[in-house]
Amino acid sequence: MLHVVEQIEKLIIRALIILLLLAMVLGTIELGRVTILEIFAPPFLLLDISKIFEGFGLALIILIGLELLKVLKLFLVEDKIKPEIIVEIAVIAICNKIITLDTKHISGDVLLGIAAILVGLSIGYYVFRFRAANKEIRQNLPVAGESNSES
């Protein structure tokens with residue numbers, strides 16, 4: 001029974017990878033289309049700042065999609081998810097929100113909340129990376145009683 005669940009899980013992950021790839025390809029084409037239309041629309045070679053922000057937002061969404069794709073591939077190959085990658089995706093998503101945020105219509109409380117979330121995610125990312133670095137160091141340490149010389 002557990003084998004059937006694992007096979008269905010892998011099938012779902014593969015379907016998500018295909019759909020995510022399709023969405024990223026279409027998103028990239030849309031970003032290119034919008035950019036080219038804005039460049040050649042009158043006035044020639046002048047971009048509206050709101051369109052630039054829309055382009056940044058779409059580019060960051062594509063970047064989030066690439067990171068999600070990395071997580072799905074890792075899960076498919078290694079059967080595990082690295083928490084630091086999830087936190088990294090969350091930081092990118094929050095940064096996307098910050099970049100595309102219209103601060104004229106947002107209260108200070110919301111901005112403080114976003115800042116607190118970003119600080120918390122940054123601390124979490126540091127903790128996960130520190131833990132991973134310590135694990136690598138511990139794995140490379142020689143075991144007591146073993147010698148490094150080969151006879």
# chains A, B, ... in the order shown; residues from 1 in each chain; ligands from 1
$ residues_around --residues "Ser122 (chain A)" --least-positions-apart "3" --cutoff "9 Å" --atoms "only C-alpha atoms" --output "list in words"
Val87, Glu88, Val91, Ile117, Leu118, Val119, Tyr125, Tyr126 and Val127 of chain A
$ write_last_selection --atoms "C-alpha atoms" --output "compact mmCIF listing (two decimals), in the first residue's frame"
# COMPACT_ATOMS: atom_id res chain seq x y z
CA VAL A 87 12.87 29.70 3.34
CA GLU A 88 14.83 31.08 0.36
CA VAL A 91 12.32 35.46 1.12
CA ILE A 117 8.36 38.51 8.42
CA LEU A 118 11.47 39.30 6.38
CA VAL A 119 13.66 39.49 9.51
CA TYR A 125 17.68 30.97 6.72
CA TYR A 126 20.83 31.77 8.70
CA VAL A 127 20.02 29.06 11.26
$ residues_around --residues "Glu54 (chain A)" --least-positions-apart "3" --cutoff "10 Å" --atoms "only C-alpha atoms" --output "list in words"
Leu31, Val34, Thr35, Ile49, Ser50, Lys51, Gly57, Leu58, Ala59, Leu60, Ile99 and Thr100 of chain A
$ closest_residue --among "A:Ile29, A:Ile98, A:Ala90, A:Leu112" --to "Glu67 (chain A)" --atoms "only C-alpha atoms"
A:Ala90
$ atom_distance --atom1 "CA of Leu68 (chain A)" --atom2 "CA of Leu121 (chain A)"
16.9 Å
$ residues_around --residues "Glu38 (chain A)" --least-positions-apart "4" --cutoff "9 Å" --atoms "only C-alpha atoms" --output "ChimeraX atom specification"
/A:33-34,42,44-48,51
$ write_last_selection --atoms "C-alpha atoms" --output "compact mmCIF listing (two decimals), in the first residue's frame"
# COMPACT_ATOMS: atom_id res chain seq x y z
CA ARG A 33 5.93 40.48 -25.21
CA VAL A 34 4.95 43.21 -22.73
CA PRO A 42 4.55 55.82 -28.50
CA PHE A 44 9.23 55.47 -28.58
CA LEU A 45 11.79 53.94 -26.14
CA LEU A 46 10.15 55.53 -23.09
CA LEU A 47 8.77 53.16 -20.48
CA ASP A 48 6.11 54.02 -17.94
CA LYS A 51 5.05 48.98 -16.51
$ closest_residue --among "A:Val77, A:Leu66, A:Asn96, A:Asn134" --to "Arg14 (chain A)" --atoms "only C-alpha atoms"
A:Val77
$ select_by_dssp --residues "region 40-70 of chain A" --states "helix (DSSP H, G or I)" --output "ChimeraX atom specification"
/A:40,49-70
$ residues_around --residues "Leu69 (chain A)" --least-positions-apart "6" --cutoff "9 Å" --atoms "only C-alpha atoms" --output "list of chain:residue names"
A:Leu16, A:Ile17, A:Leu20, A:Leu21
$ closest_residue --among "A:Gly65, A:His3, A:Ile8, A:Ile86" --to "Val25 (chain A)" --atoms "only C-alpha atoms"
A:Gly65
$ atom_distance --atom1 "CA of Ile137 (chain A)" --atom2 "CA of Ile92 (chain A)"
28.2 Å
$ closest_residue --among "A:Leu72, A:Leu2, A:Phe56, A:Glu84" --to "Ile123 (chain A)" --atoms "only C-alpha atoms"
A:Glu84
